[in-house]
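Structure below is final_22.cif: mmCIF, C-alpha atoms and all ligand atoms; chains and numbers go by the auth columns.
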data_work
loop_
_atom_site.group_PDB
_atom_site.id
_atom_site.type_symbol
_atom_site.label_atom_id
_atom_site.label_comp_id
_atom_site.label_asym_id
_atom_site.label_seq_id
_atom_site.Cartn_x
_atom_site.Cartn_y
_atom_site.Cartn_z
_atom_site.B_iso_or_equiv
_atom_site.auth_seq_id
_atom_site.auth_asym_id
ATOM 1 C CA MET A 1 137.307 157.703 113.946 0.00 526 A
ATOM 2 C CA ALA A 2 139.460 154.699 114.787 0.00 527 A
ATOM 3 C CA THR A 3 140.126 152.111 112.120 0.00 528 A
ATOM 4 C CA LYS A 4 140.912 148.441 112.428 0.00 529 A
ATOM 5 C CA LEU A 5 142.375 145.757 110.204 0.00 530 A
ATOM 6 C CA MET A 6 139.685 143.246 109.288 0.00 531 A
ATOM 7 C CA ILE A 7 140.437 139.695 108.119 0.00 532 A
ATOM 8 C CA LYS A 8 138.105 137.620 105.975 0.00 533 A
ATOM 9 C CA SER A 9 139.375 134.348 107.404 0.00 534 A
ATOM 10 C CA ASP A 10 137.487 132.114 105.012 0.00 535 A
ATOM 11 C CA TRP A 11 139.291 133.615 101.996 0.00 536 A
ATOM 12 C CA CYS A 12 142.754 132.928 103.400 0.00 537 A
ATOM 13 C CA LYS A 13 144.838 130.144 101.812 0.00 538 A
ATOM 14 C CA GLY A 14 147.561 130.198 104.439 0.00 539 A
ATOM 15 C CA CYS A 15 150.315 131.118 101.967 0.00 540 A
ATOM 16 C CA GLY A 16 152.094 133.326 104.519 0.00 541 A
ATOM 17 C CA TYR A 17 152.941 136.206 102.124 0.00 542 A
ATOM 18 C CA CYS A 18 151.348 138.698 104.498 0.00 543 A
ATOM 19 C CA VAL A 19 153.203 137.287 107.508 0.00 544 A
ATOM 20 C CA LYS A 20 156.505 138.005 105.735 0.00 545 A
ATOM 21 C CA ALA A 21 155.339 141.427 104.534 0.00 546 A
ATOM 22 C CA CYS A 22 154.249 142.766 107.920 0.00 547 A
ATOM 23 C CA PRO A 23 156.862 145.157 109.355 0.00 548 A
ATOM 24 C CA ARG A 24 155.549 144.717 112.888 0.00 549 A
ATOM 25 C CA ASP A 25 155.359 140.920 113.141 0.00 550 A
ATOM 26 C CA ALA A 26 151.677 141.342 113.872 0.00 551 A
ATOM 27 C CA LEU A 27 150.520 138.446 111.690 0.00 552 A
ATOM 28 C CA SER A 28 150.841 134.712 112.157 0.00 553 A
ATOM 29 C CA LEU A 29 149.142 131.584 110.904 0.00 554 A
ATOM 30 C CA GLY A 30 146.824 130.188 113.536 0.00 555 A
ATOM 31 C CA ARG A 31 146.213 126.572 114.432 0.00 556 A
ATOM 32 C CA GLU A 32 142.564 126.579 113.462 0.00 557 A
ATOM 33 C CA THR A 33 141.407 125.934 109.916 0.00 558 A
ATOM 34 C CA ASN A 34 138.803 127.828 107.912 0.00 559 A
ATOM 35 C CA LEU A 35 135.961 126.444 105.816 0.00 560 A
ATOM 36 C CA ALA A 36 138.372 125.701 102.963 0.00 561 A
ATOM 37 C CA GLY A 37 140.659 123.717 105.287 0.00 562 A
ATOM 38 C CA TYR A 38 143.558 126.192 105.459 0.00 563 A
ATOM 39 C CA ASN A 39 145.250 127.481 108.587 0.00 564 A
ATOM 40 C CA TYR A 40 144.253 131.117 108.366 0.00 565 A
ATOM 41 C CA VAL A 41 146.135 134.201 109.391 0.00 566 A
ATOM 42 C CA VAL A 42 145.455 136.010 112.652 0.00 567 A
ATOM 43 C CA CYS A 43 146.460 139.530 113.692 0.00 568 A
ATOM 44 C CA ASP A 44 147.792 140.851 116.981 0.00 569 A
ATOM 45 C CA HIS A 45 145.946 144.159 116.934 0.00 570 A
ATOM 46 C CA GLU A 46 148.197 145.529 119.677 0.00 571 A
ATOM 47 C CA LYS A 47 151.108 145.403 117.215 0.00 572 A
ATOM 48 C CA CYS A 48 149.300 146.407 114.007 0.00 573 A
ATOM 49 C CA ILE A 49 149.882 149.974 112.793 0.00 574 A
ATOM 50 C CA GLN A 50 147.470 149.612 109.846 0.00 575 A
ATOM 51 C CA CYS A 51 150.216 150.269 107.321 0.00 576 A
ATOM 52 C CA GLY A 52 148.465 148.238 104.629 0.00 577 A
ATOM 53 C CA MET A 53 151.460 146.090 103.638 0.00 578 A
ATOM 54 C CA CYS A 54 149.480 142.905 104.226 0.00 579 A
ATOM 55 C CA TYR A 55 146.655 144.258 102.094 0.00 580 A
ATOM 56 C CA THR A 56 149.148 144.827 99.277 0.00 581 A
ATOM 57 C CA ALA A 57 150.823 141.430 99.697 0.00 582 A
ATOM 58 C CA CYS A 58 147.721 139.236 99.888 0.00 583 A
ATOM 59 C CA PRO A 59 146.665 137.737 96.539 0.00 584 A
ATOM 60 C CA ASP A 60 143.250 136.780 97.902 0.00 585 A
ATOM 61 C CA TYR A 61 141.802 140.095 99.160 0.00 586 A
ATOM 62 C CA VAL A 62 141.606 138.853 102.739 0.00 587 A
ATOM 63 C CA PHE A 63 142.357 142.221 104.362 0.00 588 A
ATOM 64 C CA THR A 64 140.409 145.430 104.596 0.00 589 A
ATOM 65 C CA ILE A 65 140.925 148.401 106.883 0.00 590 A
ATOM 66 C CA GLU A 66 137.574 149.545 108.229 0.00 591 A
ATOM 67 C CA GLU A 67 136.263 152.043 110.688 0.00 592 A
ATOM 68 C CA GLU A 68 135.561 150.517 114.055 0.00 593 A
ATOM 69 C CA GLY A 69 131.903 150.368 114.908 0.00 594 A
ATOM 70 C CA GLY A 70 130.769 149.630 111.373 0.00 595 A
ATOM 71 C CA ALA A 71 130.935 151.210 107.947 0.00 596 A
ATOM 72 C CA LYS A 72 129.859 154.790 107.492 0.00 597 A
HETATM 73 S S1 LIG B . 148.425 146.605 108.386 0.00 601 B
HETATM 74 FE FE1 LIG B . 150.682 146.562 108.489 0.00 601 B
HETATM 75 S S2 LIG B . 151.190 146.292 110.659 0.00 601 B
HETATM 76 FE FE2 LIG B . 149.039 145.716 110.404 0.00 601 B
HETATM 77 S S3 LIG B . 149.076 143.503 110.069 0.00 601 B
HETATM 78 FE FE3 LIG B . 149.070 144.494 108.039 0.00 601 B
HETATM 79 S S4 LIG B . 151.240 144.635 107.470 0.00 601 B
HETATM 80 FE FE4 LIG B . 151.139 144.258 109.708 0.00 601 B
HETATM 81 S S1 LIG B . 148.663 136.590 102.075 0.00 602 B
HETATM 82 FE FE1 LIG B . 146.404 136.406 102.192 0.00 602 B
HETATM 83 S S2 LIG B . 145.996 134.254 101.655 0.00 602 B
HETATM 84 FE FE2 LIG B . 148.175 134.410 102.176 0.00 602 B
HETATM 85 S S3 LIG B . 148.295 133.898 104.390 0.00 602 B
HETATM 86 FE FE3 LIG B . 148.103 136.122 104.206 0.00 602 B
HETATM 87 S S4 LIG B . 145.872 136.523 104.363 0.00 602 B
HETATM 88 FE FE4 LIG B . 146.140 134.367 103.897 0.00 602 B
#
Written as structure tokens, how would this file's structure read?
Ligand code: SF4
Ligand code: SF4
Amino acid sequence: MATKLMIKSDWCKGCGYCVKACPRDALSLGRETNLAGYNYVVCDHEKCIQCGMCYTACPDYVFTIEEEGGAK
């Protein structure tokens, strides 16, 4: 079953820790703001290898890696 990195955009504070931690340059801060008013992080899923470094780096639990097509 394929997995995909999921981003809870509304929890992101735009600190950029995950952007620096990503070994594939898959993450960047977007131009749009979330409900809290922060520019939130977006992922280029073509580049992401689901290594989990962003999950480890984020202090706000924004990332999860989930099975595509919903939880089992
Ligand atoms: S899982 Fe790894 S490759 Fe994918 S965005 Fe996070 S740090 Fe980058
Ligand atoms: S580390 Fe977490 S809070 Fe900081 S920019 Fe990345 S996703 Fe947002």
**OP:** Give the residues close to ligand LIG 602 (chain B), within 7 Å, counting only C-alpha atoms and all ligand atoms; write them as a ChimeraX atom specification.
**Re:** /A:536-544,554,565-566,579,582-588
Got a sec: who's within 10 Å of His570 of chain A, counting only C-alpha atoms, leaving out chain neighbours fewer than 6 positions off, as a PDB file with C-alpha atoms, in the coordinates of the input?
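Output saved as result-v8.pdb:
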ATOM      1  CA  LYS A 529     140.912 148.441 112.428  1.00  0.00           C
ATOM      2  CA  LEU A 530     142.375 145.757 110.204  1.00  0.00           C
ATOM      3  CA  MET A 531     139.685 143.246 109.288  1.00  0.00           C
ATOM      4  CA  ALA A 551     151.677 141.342 113.872  1.00  0.00           C
ATOM      5  CA  LEU A 552     150.520 138.446 111.690  1.00  0.00           C
TER       6      LEU A 552
END
Show me which residues line ligand LIG 601 (chain B), defined as having an atom within 7 Å of a ligand atom where only C-alpha atoms and all ligand atoms count, and present them as a PDB file with C-alpha atoms, in the frame of the given file.
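As written to disk, selection.pdb reads:
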ATOM      1  CA  LEU A 530     142.375 145.757 110.204  1.00  0.00           C
ATOM      2  CA  CYS A 543     151.348 138.698 104.498  1.00  0.00           C
ATOM      3  CA  ALA A 546     155.339 141.427 104.534  1.00  0.00           C
ATOM      4  CA  CYS A 547     154.249 142.766 107.920  1.00  0.00           C
ATOM      5  CA  PRO A 548     156.862 145.157 109.355  1.00  0.00           C
ATOM      6  CA  ARG A 549     155.549 144.717 112.888  1.00  0.00           C
ATOM      7  CA  ASP A 550     155.359 140.920 113.141  1.00  0.00           C
ATOM      8  CA  ALA A 551     151.677 141.342 113.872  1.00  0.00           C
ATOM      9  CA  LEU A 552     150.520 138.446 111.690  1.00  0.00           C
ATOM     10  CA  CYS A 568     146.460 139.530 113.692  1.00  0.00           C
ATOM     11  CA  LYS A 572     151.108 145.403 117.215  1.00  0.00           C
ATOM     12  CA  CYS A 573     149.300 146.407 114.007  1.00  0.00           C
ATOM     13  CA  ILE A 574     149.882 149.974 112.793  1.00  0.00           C
ATOM     14  CA  GLN A 575     147.470 149.612 109.846  1.00  0.00           C
ATOM     15  CA  CYS A 576     150.216 150.269 107.321  1.00  0.00           C
ATOM     16  CA  GLY A 577     148.465 148.238 104.629  1.00  0.00           C
ATOM     17  CA  MET A 578     151.460 146.090 103.638  1.00  0.00           C
ATOM     18  CA  CYS A 579     149.480 142.905 104.226  1.00  0.00           C
ATOM     19  CA  TYR A 580     146.655 144.258 102.094  1.00  0.00           C
TER      20      TYR A 580
END
If the PyMOL selection byres (((chain A and resi 593) around 7) and not hetatm) is run on the structure shown, which residues does it catch, given as a PDB file with C-alpha atoms, keeping the file's coordinate frame?
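Written file, expr.pdb:
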ATOM      1  CA  ALA A 527     139.460 154.699 114.787  1.00  0.00           C
ATOM      2  CA  THR A 528     140.126 152.111 112.120  1.00  0.00           C
ATOM      3  CA  LYS A 529     140.912 148.441 112.428  1.00  0.00           C
ATOM      4  CA  GLU A 591     137.574 149.545 108.229  1.00  0.00           C
ATOM      5  CA  GLU A 592     136.263 152.043 110.688  1.00  0.00           C
ATOM      6  CA  GLY A 594     131.903 150.368 114.908  1.00  0.00           C
ATOM      7  CA  GLY A 595     130.769 149.630 111.373  1.00  0.00           C
TER       8      GLY A 595
END
**OP:** Just give me the gap between atom CA of Thr589 of chain A and atom CA of Lys545 of chain A in Å, one decimal is fine.
**Re:** 17.8 Å
Original post:
Interatomic distance between atom CA of Gly555 of chain A and atom CA of Lys533 of chain A?
Top reply: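 Taking atom CA of Gly555 of chain A and atom CA of Lys533 of chain A, their separation equals 13.7 Å.
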**OP:** Excluding Asp535 of chain A and residues on its chain fewer than 4 positions from it, collect all residues at most 7 Å away from it, counting all atoms listed in the file, and give them as number ranges by chain.
**Re:** A: 559-561
What would the file look like if the residues just selected were written as a compact mmCIF listing (two decimals), in the frame of the given file with C-alpha atoms?
# COMPACT_ATOMS: atom_id res chain seq x y z
CA ASN A 559 138.80 127.83 107.91
CA LEU A 560 135.96 126.44 105.82
CA ALA A 561 138.37 125.70 102.96
Build an axis-aligned box that encloses every atom of segment 568-582 of chain A listed in the file, pad it by 5 Å on each side, and report its centre and edge lengths in Å to one decimal, as JSON.
{"center_x": 148.7, "center_y": 144.9, "center_z": 109.5, "size_x": 15.5, "size_y": 20.7, "size_z": 30.4}
